[in-house]
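Undergrad: First the structure, then my questions, so here it is.
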Protein chains: 2
Amino acid sequence: MDSIFADRIADVPRSFIREILKVALDHTYISFAGGLPNRDLFPIVELQKVAAKVFDIFGRDVLQYSSSEGFPGLKEIIARRYFQKIGVKIPIEQILITTGSQQGLDLLGKSLLNDGDPLVIEEPGYLGAIQAFSLYKPEFLPVPVDDSGMDVKRLKQAMRKKPKLIYTVPNFSNPSGITYPEENRYAVAGVIEGTGTLLIEDDPYGEIRFAGSPQPSFLTLLPRNTILLGTFSKIIAPGFRLGWIVAPEAIMDKLIVAKQASDLNTTYYLQALIYQYLQDNDIEAHIRLIRECYGRQLRAMLEGIKEYFPPTVTHTHPEGGMFIWAALPGDASTRKLLDIAVKDKVIFVPGDPFYINRRETNTMRLNFSCMDEAMTKTGIERLGKAIKTLLG
Amino acid sequence: MDSIFADRIADVPRSFIREILKVALDHTYISFAGGLPNRDLFPIVELQKVAAKVFDIFGRDVLQYSSSEGFPGLKEIIARRYFQKIGVKIPIEQILITTGSQQGLDLLGKSLLNDGDPLVIEEPGYLGAIQAFSLYKPEFLPVPVDDSGMDVKRLKQAMRKKPKLIYTVPNFSNPSGITYPEENRYAVAGVIEGTGTLLIEDDPYGEIRFAGSPQPSFLTLLPRNTILLGTFSKIIAPGFRLGWIVAPEAIMDKLIVAKQASDLNTTYYLQALIYQYLQDNDIEAHIRLIRECYGRQLRAMLEGIKEYFPPTVTHTHPEGGMFIWAALPGDASTRKLLDIAVKDKVIFVPGDPFYINRRETNTMRLNFSCMDEAMTKTGIERLGKAIKTLLG
């Protein structure tokens, strides 16, 4: 029966992370494997108030099919917030509401990628993006990122192939927690400026900053080439599956066609609900709560690492987001570490699925958004013990 | 900038129907062009009650990321209803919740179709399916349908090409309102039985039957080859974007991978909301209301046609669903008819987008779900006048 499948799907693995999450349902484990926002911070009371009145305010319209482009009221709020935060005026015609940011990636792949089209992706890179784009069979050109941002020399080499797309998460990347510094952003923008390459700035975490100061969006540095993806998943809740694409006018028509073919339109009911939530509540105050909480938990993790990990283990120092990226010394394997750690009732995601070639690596992703400080320290203590066992 | 796009999207037009709906916002027009369920029948009071208590019942979980497969509670209800209606026991592992039925079509194309794979589609056929599949560039093999169902001789010819998929809407098809008679279903199943071809039974309207009796589902006639698509859009409301795929176990794994890559998971919040609605309310009684209403409106349309259309206009006699399919005599063009009708403030969808080659035709789709009897008759009178003007 295997031959019935499309070639494009043969090589796309199930998400390792979603699989490991199933293990994590056993509460005796401490899990740094998840990529979930902290459920205790979901504004459930406020959302319940809004849910009770959406129909009174919007009536039956929210239950009907609606525009593929998205609810203009919600798009106006999104545009206004960008203006306040990055000073860019975005016409709402350049915003497309998507069924989560993941759909944004799918629509971009669907409307832009032919088989074998070169696509630059930061490495380590977001697994969901690798999954989504894999289905459109591009030639992946991984370019390494580290604390100094995207490797500009390697980017220039990759640009010789005239890539159609460059995929980046420049703020507190998933999986690495890395933020591209300002000078790196200018350098990256300089390489792309004047070419036909489009840069995808996937920015789910940008507002969850608890140290340092915001870096310029590529939308301000490279307005003609930047596609910006945003989402309410990390600042309100992921369960509504509401995201958006900000894209140059020239590609919006095709994105809308791809959207129609994919799910006709994103639920108007939930767009109205989030719109009303944003009208009735101070989202900025709510985001401050998230920042404070994740910041405390990150500090606990960093303290734990200092106390319990061998000093040969290196790691990133995120200023926001939800992840730390750590590396064991030499060629010690985090796959092997996971085998030991599971027995000690602590789990994480080994680095390999975040690389295009999925090679065994010495790296791992540690999530800090979902656990209080005490639990974080206990988990890091267990993990430190497992690392010491592995390293001998 | 055109070269930036993927080949797959170059040929996919924006949905004509969604475009014409924009005209229909002017309320001096009478529109038979829509494909919308009747908003007056949305169970808004009941849904509001449920919306107010979803969080109390399900807590924060519904706001988090959730399983790609869908909420088991909702899938159990779907399985139970199939058992009651068609006597088939479907394990919930064979049900995948989708973001509307349209996403079901996209996931099937994404996971099953290679460029150039032969795909049989009933003709006239559902525009959303043509759109969704077009993106995966199959070789469309249209097979005509009429009141006697799918043309079995033409289907046999098409089967020589070993199509991967056959797309059908056997109950009250969009656009034609045609239902495949029982003997035709057996004949179609007989042709497919024992081959590797999968038949998609897209069934959004099956429960909206107001005359005659239910015909056997292909799931009962051809269980190993049938993929069944269902949706809550026509029996509750489309604004929630909730549908499902029932598929053989052998393809479910790949469908789930495609689902993860497309939007991770369908909103748990809305799955919980619909689950609770179904627990608290008598959906069968609600469906009876819809049937009665659409049945009355269809009768008004048929009476209007008899009174105001020239007798040379032929049309289908649907026993359910939302559409009549009418044909002008000879080679009179419904595109030209629309030009006249618009001036008379009545609109409909000309038949051409429902054909793979989009040729100008003498056929048109008339929707009867959205308008009361008096308005329906007025609209049909206007359209009859336009037809007489065209035919001279």
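By order of appearance in the structure tokens: chains A, B, ..., then residues from 1 within every chain, and ligands from 1 in the order shown.
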What's around Phe71 of chain A at 10 Å? Count only C-alpha atoms, leave out sequence neighbours fewer than 2 positions away in its own chain, and write the answer as JSON, numbers by chain.
TA: {"A": [62, 66, 67, 68, 69, 73, 74, 75, 76, 92, 96, 97, 265, 266, 267, 268, 269, 271, 272, 275]}
Undergrad: Fit chain B to chain A, using all C-alpha atoms paired in sequence order for the least-squares superposition, and then show me the result as a CSV table (one decimal) with C-alpha atoms, in the first residue's frame.
TA:
```
chain,number,residue,atom,x,y,z
B,1,MET,CA,0.1,0.0,0.0
B,2,ASP,CA,3.2,2.3,0.4
B,3,SER,CA,3.1,3.3,-3.2
B,4,ILE,CA,-0.2,5.0,-2.7
B,5,PHE,CA,1.5,7.9,-0.9
B,6,ALA,CA,2.9,11.1,-2.4
B,7,ASP,CA,6.7,11.3,-2.6
B,8,ARG,CA,6.6,14.5,-0.7
B,9,ILE,CA,5.4,12.9,2.5
B,10,ALA,CA,7.6,9.8,2.4
B,11,ASP,CA,10.5,11.6,4.2
B,12,VAL,CA,8.6,13.7,6.7
B,13,PRO,CA,8.8,12.1,10.1
B,14,ARG,CA,6.1,12.5,12.7
B,15,SER,CA,7.0,15.3,15.1
B,16,PHE,CA,9.4,13.7,17.6
B,17,ILE,CA,8.4,16.4,20.0
B,18,ARG,CA,4.7,15.6,19.8
B,19,GLU,CA,5.6,12.0,20.3
B,20,ILE,CA,7.7,12.6,23.3
B,21,LEU,CA,4.9,14.7,24.8
B,22,LYS,CA,2.9,11.6,25.1
B,23,VAL,CA,5.5,10.2,27.5
B,24,ALA,CA,5.4,13.4,29.4
B,25,LEU,CA,1.7,12.8,30.4
B,26,ASP,CA,3.2,10.6,33.2
B,27,HIS,CA,3.5,13.2,36.0
B,28,THR,CA,6.4,11.5,37.8
B,29,TYR,CA,8.6,12.7,34.9
B,30,ILE,CA,10.0,16.2,34.8
B,31,SER,CA,9.8,17.4,31.2
B,32,PHE,CA,12.0,20.0,29.6
B,33,ALA,CA,10.9,18.5,26.3
B,34,GLY,CA,7.7,20.5,25.7
B,35,GLY,CA,7.4,23.6,23.7
B,36,LEU,CA,4.2,24.7,25.3
B,37,PRO,CA,3.4,28.1,26.9
B,38,ASN,CA,2.6,27.9,30.6
B,39,ARG,CA,-1.0,27.0,31.0
B,40,ASP,CA,-1.3,28.6,34.4
B,41,LEU,CA,-0.9,32.0,32.7
B,42,PHE,CA,-3.8,31.6,30.2
B,43,PRO,CA,-6.2,34.4,30.9
B,44,ILE,CA,-9.1,32.0,31.4
B,45,VAL,CA,-11.3,34.2,33.6
B,46,GLU,CA,-11.1,37.0,31.1
B,47,LEU,CA,-11.6,34.7,28.1
B,48,GLN,CA,-14.7,33.1,29.8
B,49,LYS,CA,-16.2,36.6,30.2
B,50,VAL,CA,-15.6,37.3,26.5
B,51,ALA,CA,-16.9,33.9,25.4
B,52,ALA,CA,-20.2,34.6,27.2
B,53,LYS,CA,-20.8,37.7,25.2
B,54,VAL,CA,-19.3,37.2,21.7
B,55,PHE,CA,-22.7,36.2,20.3
B,56,ASP,CA,-24.4,39.2,21.8
B,57,ILE,CA,-21.9,41.5,20.2
B,58,PHE,CA,-21.4,39.9,16.8
B,59,GLY,CA,-24.5,37.9,16.3
B,60,ARG,CA,-24.9,35.0,13.9
B,61,ASP,CA,-22.3,36.3,11.5
B,62,VAL,CA,-19.5,34.7,13.5
B,63,LEU,CA,-21.1,31.3,12.9
B,64,GLN,CA,-21.1,31.6,9.1
B,65,TYR,CA,-18.4,31.1,6.5
B,66,SER,CA,-16.3,34.3,6.4
B,67,SER,CA,-13.6,36.0,4.4
B,68,SER,CA,-10.4,34.1,3.6
B,69,GLU,CA,-8.4,37.2,4.4
B,70,GLY,CA,-9.5,37.4,8.0
B,71,PHE,CA,-11.7,39.7,10.2
B,72,PRO,CA,-10.7,43.3,9.5
B,73,GLY,CA,-11.2,44.4,13.1
B,74,LEU,CA,-8.7,41.9,14.4
B,75,LYS,CA,-6.2,42.8,11.6
B,76,GLU,CA,-6.5,46.5,12.6
B,77,ILE,CA,-5.5,45.6,16.1
B,78,ILE,CA,-2.5,43.6,14.8
B,79,ALA,CA,-1.5,46.5,12.6
B,80,ARG,CA,-1.9,49.0,15.5
B,81,ARG,CA,0.3,47.0,17.8
B,82,TYR,CA,3.0,46.8,15.2
B,83,PHE,CA,2.9,50.5,14.7
B,84,GLN,CA,3.3,51.0,18.5
B,85,LYS,CA,6.1,48.5,18.8
B,86,ILE,CA,8.2,48.8,15.6
B,87,GLY,CA,6.8,52.0,14.1
B,88,VAL,CA,5.7,50.4,10.9
B,89,LYS,CA,2.3,51.2,9.3
B,90,ILE,CA,1.0,48.0,7.8
B,91,PRO,CA,-2.1,48.2,5.6
B,92,ILE,CA,-4.5,45.5,6.7
B,93,GLU,CA,-4.6,44.2,3.1
B,94,GLN,CA,-1.0,43.0,3.8
B,95,ILE,CA,-2.2,40.9,6.8
B,96,LEU,CA,-3.7,37.4,6.3
B,97,ILE,CA,-5.2,35.7,9.3
B,98,THR,CA,-4.0,32.0,9.5
B,99,THR,CA,-5.1,29.0,11.5
B,100,GLY,CA,-2.0,29.2,13.7
B,101,SER,CA,1.4,30.3,12.6
B,102,GLN,CA,2.1,26.7,11.4
B,103,GLN,CA,-0.5,27.3,8.7
B,104,GLY,CA,1.5,30.4,7.7
B,105,LEU,CA,4.5,28.2,7.0
B,106,ASP,CA,2.4,25.8,5.0
B,107,LEU,CA,0.8,28.5,2.9
B,108,LEU,CA,4.2,30.0,2.1
B,109,GLY,CA,5.6,26.6,1.0
B,110,LYS,CA,2.4,25.9,-1.0
B,111,SER,CA,2.4,29.2,-2.9
B,112,LEU,CA,6.1,29.7,-3.3
B,113,LEU,CA,8.2,26.5,-3.4
B,114,ASN,CA,8.7,24.3,-6.4
B,115,ASP,CA,10.5,21.0,-6.1
B,116,GLY,CA,14.2,21.6,-5.6
B,117,ASP,CA,13.9,25.4,-5.0
B,118,PRO,CA,16.8,26.5,-2.7
B,119,LEU,CA,15.6,27.5,0.8
B,120,VAL,CA,18.0,28.8,3.5
B,121,ILE,CA,17.1,27.8,7.0
B,122,GLU,CA,18.8,28.8,10.2
B,123,GLU,CA,20.4,25.8,11.9
B,124,PRO,CA,19.5,24.5,14.5
B,125,GLY,CA,16.0,25.4,13.1
B,126,TYR,CA,12.4,25.1,14.1
B,127,LEU,CA,11.1,21.6,13.6
B,128,GLY,CA,7.6,22.7,12.5
B,129,ALA,CA,9.2,24.8,9.7
B,130,ILE,CA,11.3,21.9,8.6
B,131,GLN,CA,8.2,19.7,8.5
B,132,ALA,CA,6.0,22.2,6.7
B,133,PHE,CA,8.6,23.1,4.0
B,134,SER,CA,9.7,19.4,3.5
B,135,LEU,CA,6.4,18.7,2.0
B,136,TYR,CA,7.2,21.1,-0.9
B,137,LYS,CA,10.6,19.4,-1.4
B,138,PRO,CA,12.9,22.4,-1.5
B,139,GLU,CA,16.7,22.1,-1.4
B,140,PHE,CA,17.4,23.0,2.2
B,141,LEU,CA,20.5,25.2,2.6
B,142,PRO,CA,21.2,25.2,6.4
B,143,VAL,CA,23.1,28.2,7.7
B,144,PRO,CA,24.4,28.0,11.2
B,145,VAL,CA,23.3,30.4,13.9
B,146,ASP,CA,25.0,31.1,17.3
B,147,ASP,CA,25.1,33.9,19.8
B,148,SER,CA,26.4,36.3,17.2
B,149,GLY,CA,23.4,35.5,14.9
B,150,MET,CA,23.3,34.0,11.5
B,151,ASP,CA,26.6,33.1,9.9
B,152,VAL,CA,26.9,35.8,7.3
B,153,LYS,CA,29.8,34.2,5.4
B,154,ARG,CA,27.7,31.0,5.0
B,155,LEU,CA,24.7,33.0,4.1
B,156,LYS,CA,26.6,34.7,1.3
B,157,GLN,CA,27.7,31.3,0.0
B,158,ALA,CA,24.1,30.1,0.1
B,159,MET,CA,22.9,33.2,-1.7
B,160,ARG,CA,24.9,32.2,-4.8
B,161,LYS,CA,22.1,29.6,-5.3
B,162,LYS,CA,19.5,32.4,-5.4
B,163,PRO,CA,17.3,30.9,-2.7
B,164,LYS,CA,13.6,31.7,-2.9
B,165,LEU,CA,13.2,31.9,0.9
B,166,ILE,CA,15.3,32.4,4.0
B,167,TYR,CA,13.7,31.1,7.2
B,168,THR,CA,14.7,32.7,10.5
B,169,VAL,CA,13.4,33.0,14.0
B,170,PRO,CA,15.5,36.0,15.0
B,171,ASN,CA,14.0,36.5,18.5
B,172,PHE,CA,14.6,33.8,21.1
B,173,SER,CA,14.7,31.1,18.5
B,174,ASN,CA,13.1,27.7,18.9
B,175,PRO,CA,15.1,25.6,19.6
B,176,SER,CA,18.1,27.7,20.5
B,177,GLY,CA,16.9,30.7,22.4
B,178,ILE,CA,19.3,32.7,20.3
B,179,THR,CA,18.5,36.3,19.3
B,180,TYR,CA,20.3,37.9,16.3
B,181,PRO,CA,22.2,40.9,17.5
B,182,GLU,CA,21.4,44.3,15.8
B,183,GLU,CA,24.7,44.4,13.8
B,184,ASN,CA,24.0,40.8,12.5
B,185,ARG,CA,20.5,41.9,11.4
B,186,TYR,CA,22.0,44.7,9.4
B,187,ALA,CA,24.6,42.4,7.9
B,188,VAL,CA,21.9,39.8,6.9
B,189,ALA,CA,19.6,42.5,5.5
B,190,GLY,CA,22.6,43.9,3.5
B,191,VAL,CA,23.2,40.5,1.9
B,192,ILE,CA,19.5,40.1,0.9
B,193,GLU,CA,18.8,43.7,-0.1
B,194,GLY,CA,18.1,44.1,-3.8
B,195,THR,CA,17.8,40.3,-4.5
B,196,GLY,CA,14.6,38.5,-5.2
B,197,THR,CA,14.9,36.4,-2.1
B,198,LEU,CA,12.2,36.7,0.6
B,199,LEU,CA,13.2,36.5,4.2
B,200,ILE,CA,10.7,34.9,6.6
B,201,GLU,CA,10.9,36.4,10.0
B,202,ASP,CA,9.0,33.9,12.2
B,203,ASP,CA,8.3,35.8,15.4
B,204,PRO,CA,6.2,33.9,17.9
B,205,TYR,CA,8.3,34.8,20.9
B,206,GLY,CA,9.4,38.4,20.2
B,207,GLU,CA,7.1,39.9,22.9
B,208,ILE,CA,8.3,37.5,25.6
B,209,ARG,CA,11.5,39.4,26.3
B,210,PHE,CA,12.6,39.6,29.9
B,211,ALA,CA,16.1,41.1,29.5
B,212,GLY,CA,17.9,43.4,27.1
B,213,SER,CA,16.1,45.5,24.6
B,214,PRO,CA,14.2,44.7,21.4
B,215,GLN,CA,16.2,44.4,18.2
B,216,PRO,CA,15.0,45.8,14.9
B,217,SER,CA,12.5,43.7,13.0
B,218,PHE,CA,13.6,42.7,9.5
B,219,LEU,CA,10.4,44.4,8.4
B,220,THR,CA,12.0,47.7,9.1
B,221,LEU,CA,15.4,46.7,7.7
B,222,LEU,CA,14.3,44.9,4.6
B,223,PRO,CA,10.6,45.9,4.0
B,224,ARG,CA,10.4,44.7,0.4
B,225,ASN,CA,11.8,41.3,1.1
B,226,THR,CA,10.4,40.4,4.5
B,227,ILE,CA,7.5,38.1,5.4
B,228,LEU,CA,6.6,38.4,9.0
B,229,LEU,CA,4.7,35.7,10.9
B,230,GLY,CA,3.0,36.3,14.2
B,231,THR,CA,0.7,34.4,16.5
B,232,PHE,CA,-1.5,34.8,19.6
B,233,SER,CA,-0.3,31.4,20.8
B,234,LYS,CA,2.4,32.6,23.1
B,235,ILE,CA,0.8,35.8,24.4
B,236,ILE,CA,-2.8,34.6,24.9
B,237,ALA,CA,-3.2,30.8,24.2
B,238,PRO,CA,-2.4,28.3,21.5
B,239,GLY,CA,-5.7,26.5,21.7
B,240,PHE,CA,-7.4,29.0,19.5
B,241,ARG,CA,-5.0,28.4,16.6
B,242,LEU,CA,-4.8,32.0,15.5
B,243,GLY,CA,-1.8,33.5,13.7
B,244,TRP,CA,-1.1,35.8,10.9
B,245,ILE,CA,1.2,36.5,7.9
B,246,VAL,CA,2.4,40.0,7.0
B,247,ALA,CA,3.5,39.8,3.4
B,248,PRO,CA,4.3,42.1,0.5
B,249,GLU,CA,1.3,43.0,-1.6
B,250,ALA,CA,2.8,41.2,-4.6
B,251,ILE,CA,2.4,37.7,-3.0
B,252,MET,CA,-0.8,38.3,-1.0
B,253,ASP,CA,-3.1,37.3,-3.8
B,254,LYS,CA,-1.5,33.9,-4.2
B,255,LEU,CA,-1.4,33.4,-0.4
B,256,ILE,CA,-5.2,34.0,-0.3
B,257,VAL,CA,-5.7,31.4,-3.0
B,258,ALA,CA,-3.6,28.9,-1.0
B,259,LYS,CA,-5.6,29.8,2.1
B,260,GLN,CA,-8.9,29.2,0.3
B,261,ALA,CA,-7.7,25.8,-0.9
B,262,SER,CA,-6.4,24.8,2.5
B,263,ASP,CA,-9.4,25.6,4.9
B,264,LEU,CA,-11.5,28.4,3.2
B,265,ASN,CA,-11.2,30.7,6.1
B,266,THR,CA,-10.0,30.8,9.8
B,267,THR,CA,-12.9,30.6,12.2
B,268,TYR,CA,-14.6,34.0,12.5
B,269,TYR,CA,-16.0,33.0,15.9
B,270,LEU,CA,-12.5,32.7,17.4
B,271,GLN,CA,-11.3,35.8,15.6
B,272,ALA,CA,-14.2,37.7,17.1
B,273,LEU,CA,-13.5,36.2,20.5
B,274,ILE,CA,-9.8,37.3,20.5
B,275,TYR,CA,-10.8,40.7,19.1
B,276,GLN,CA,-13.1,41.2,22.0
B,277,TYR,CA,-10.6,40.0,24.5
B,278,LEU,CA,-8.1,42.5,23.2
B,279,GLN,CA,-10.7,45.3,23.4
B,280,ASP,CA,-11.7,44.5,27.0
B,281,ASN,CA,-8.3,43.7,28.5
B,282,ASP,CA,-4.8,45.1,28.8
B,283,ILE,CA,-2.8,42.7,26.7
B,284,GLU,CA,0.4,44.5,27.5
B,285,ALA,CA,-0.1,44.0,31.2
B,286,HIS,CA,-0.8,40.3,30.5
B,287,ILE,CA,2.4,40.0,28.5
B,288,ARG,CA,4.3,41.5,31.4
B,289,LEU,CA,3.0,38.7,33.6
B,290,ILE,CA,4.3,36.1,31.2
B,291,ARG,CA,7.7,37.8,30.9
B,292,GLU,CA,8.1,37.9,34.6
B,293,CYS,CA,7.1,34.3,35.1
B,294,TYR,CA,9.3,32.9,32.3
B,295,GLY,CA,12.2,35.2,33.4
B,296,ARG,CA,12.0,33.7,36.9
B,297,GLN,CA,11.9,30.2,35.6
B,298,LEU,CA,14.9,30.8,33.2
B,299,ARG,CA,16.9,32.2,36.1
B,300,ALA,CA,16.1,29.1,38.1
B,301,MET,CA,17.3,26.9,35.2
B,302,LEU,CA,20.5,28.9,34.8
B,303,GLU,CA,21.2,28.6,38.5
B,304,GLY,CA,20.5,24.9,38.4
B,305,ILE,CA,22.8,24.5,35.4
B,306,LYS,CA,25.6,26.3,37.2
B,307,GLU,CA,25.1,24.2,40.2
B,308,TYR,CA,24.5,20.7,38.7
B,309,PHE,CA,25.9,20.5,35.2
B,310,PRO,CA,29.6,19.8,34.6
B,311,PRO,CA,31.3,23.1,33.6
B,312,THR,CA,32.2,21.6,30.2
B,313,VAL,CA,28.5,21.8,29.2
B,314,THR,CA,27.9,25.0,27.3
B,315,HIS,CA,24.6,26.7,26.7
B,316,THR,CA,22.9,29.8,25.3
B,317,HIS,CA,21.8,32.8,27.5
B,318,PRO,CA,18.4,33.7,26.2
B,319,GLU,CA,16.9,37.1,26.9
B,320,GLY,CA,13.4,35.8,26.2
B,321,GLY,CA,11.3,33.1,24.8
B,322,MET,CA,11.0,29.6,26.1
B,323,PHE,CA,14.2,27.6,25.4
B,324,ILE,CA,17.8,27.1,26.3
B,325,TRP,CA,20.1,25.3,23.9
B,326,ALA,CA,22.9,23.3,25.6
B,327,ALA,CA,25.8,21.3,24.2
B,328,LEU,CA,27.7,18.4,25.8
B,329,PRO,CA,31.5,18.4,25.5
B,330,GLY,CA,33.1,16.8,22.4
B,331,ASP,CA,31.0,14.2,20.6
B,332,ALA,CA,28.9,13.0,23.6
B,333,SER,CA,25.4,12.1,22.2
B,334,THR,CA,22.3,13.7,23.6
B,335,ARG,CA,20.3,10.7,22.2
B,336,LYS,CA,22.3,8.5,24.6
B,337,LEU,CA,21.9,11.0,27.3
B,338,LEU,CA,18.1,10.8,26.9
B,339,ASP,CA,18.2,7.0,27.4
B,340,ILE,CA,19.8,7.6,30.8
B,341,ALA,CA,17.7,10.6,31.7
B,342,VAL,CA,14.4,8.8,31.0
B,343,LYS,CA,15.4,6.4,33.8
B,344,ASP,CA,16.0,9.3,36.1
B,345,LYS,CA,12.6,10.6,35.2
B,346,VAL,CA,13.6,13.7,33.3
B,347,ILE,CA,13.2,14.3,29.6
B,348,PHE,CA,14.3,16.9,27.0
B,349,VAL,CA,14.6,17.0,23.2
B,350,PRO,CA,17.9,15.9,21.7
B,351,GLY,CA,19.2,18.3,19.1
B,352,ASP,CA,19.1,16.1,16.0
B,353,PRO,CA,15.6,16.8,14.7
B,354,PHE,CA,16.5,20.5,14.5
B,355,TYR,CA,19.2,19.8,11.9
B,356,ILE,CA,18.3,19.1,8.3
B,357,ASN,CA,20.4,15.9,8.1
B,358,ARG,CA,19.1,14.8,11.6
B,359,ARG,CA,22.6,13.8,12.6
B,360,GLU,CA,23.2,12.6,16.1
B,361,THR,CA,24.6,15.6,18.0
B,362,ASN,CA,25.8,16.8,21.4
B,363,THR,CA,23.1,19.4,21.6
B,364,MET,CA,19.7,19.5,23.3
B,365,ARG,CA,16.8,21.8,23.8
B,366,LEU,CA,15.6,22.6,27.3
B,367,ASN,CA,12.2,24.3,27.8
B,368,PHE,CA,11.7,26.6,30.8
B,369,SER,CA,8.3,28.0,30.2
B,370,CYS,CA,6.2,25.3,31.9
B,371,MET,CA,7.7,24.6,35.3
B,372,ASP,CA,8.1,26.5,38.5
B,373,GLU,CA,11.5,27.3,40.0
B,374,ALA,CA,11.7,24.4,42.5
B,375,MET,CA,10.6,21.8,39.9
B,376,THR,CA,13.0,23.3,37.4
B,377,LYS,CA,15.9,22.9,39.8
B,378,THR,CA,15.0,19.3,40.7
B,379,GLY,CA,14.8,18.5,37.0
B,380,ILE,CA,18.1,20.1,36.2
B,381,GLU,CA,19.7,18.3,39.2
B,382,ARG,CA,18.4,14.9,37.7
B,383,LEU,CA,19.7,15.9,34.3
B,384,GLY,CA,23.0,16.9,35.7
B,385,LYS,CA,23.3,13.5,37.3
B,386,ALA,CA,22.5,11.8,33.9
B,387,ILE,CA,25.1,14.0,32.1
B,388,LYS,CA,27.7,13.0,34.7
B,389,THR,CA,26.8,9.3,34.2
B,390,LEU,CA,27.1,9.6,30.5
B,391,LEU,CA,30.4,11.5,30.6
B,392,GLY,CA,31.7,9.0,33.1
```
Undergrad: May I have all residues of segment 225-275 of chain A that DSSP, computed from the backbone, assigns to alpha helix (DSSP H), given as a PyMOL selection string?
TA: chain A and resi 249-263+268-275
Undergrad: Write out as a ChimeraX atom specification the set of residues from segment 73-154 of chain A that DSSP, computed on the backbone, places in strand (DSSP E).
TA: /A:95-98,118-123,139-146,149-150
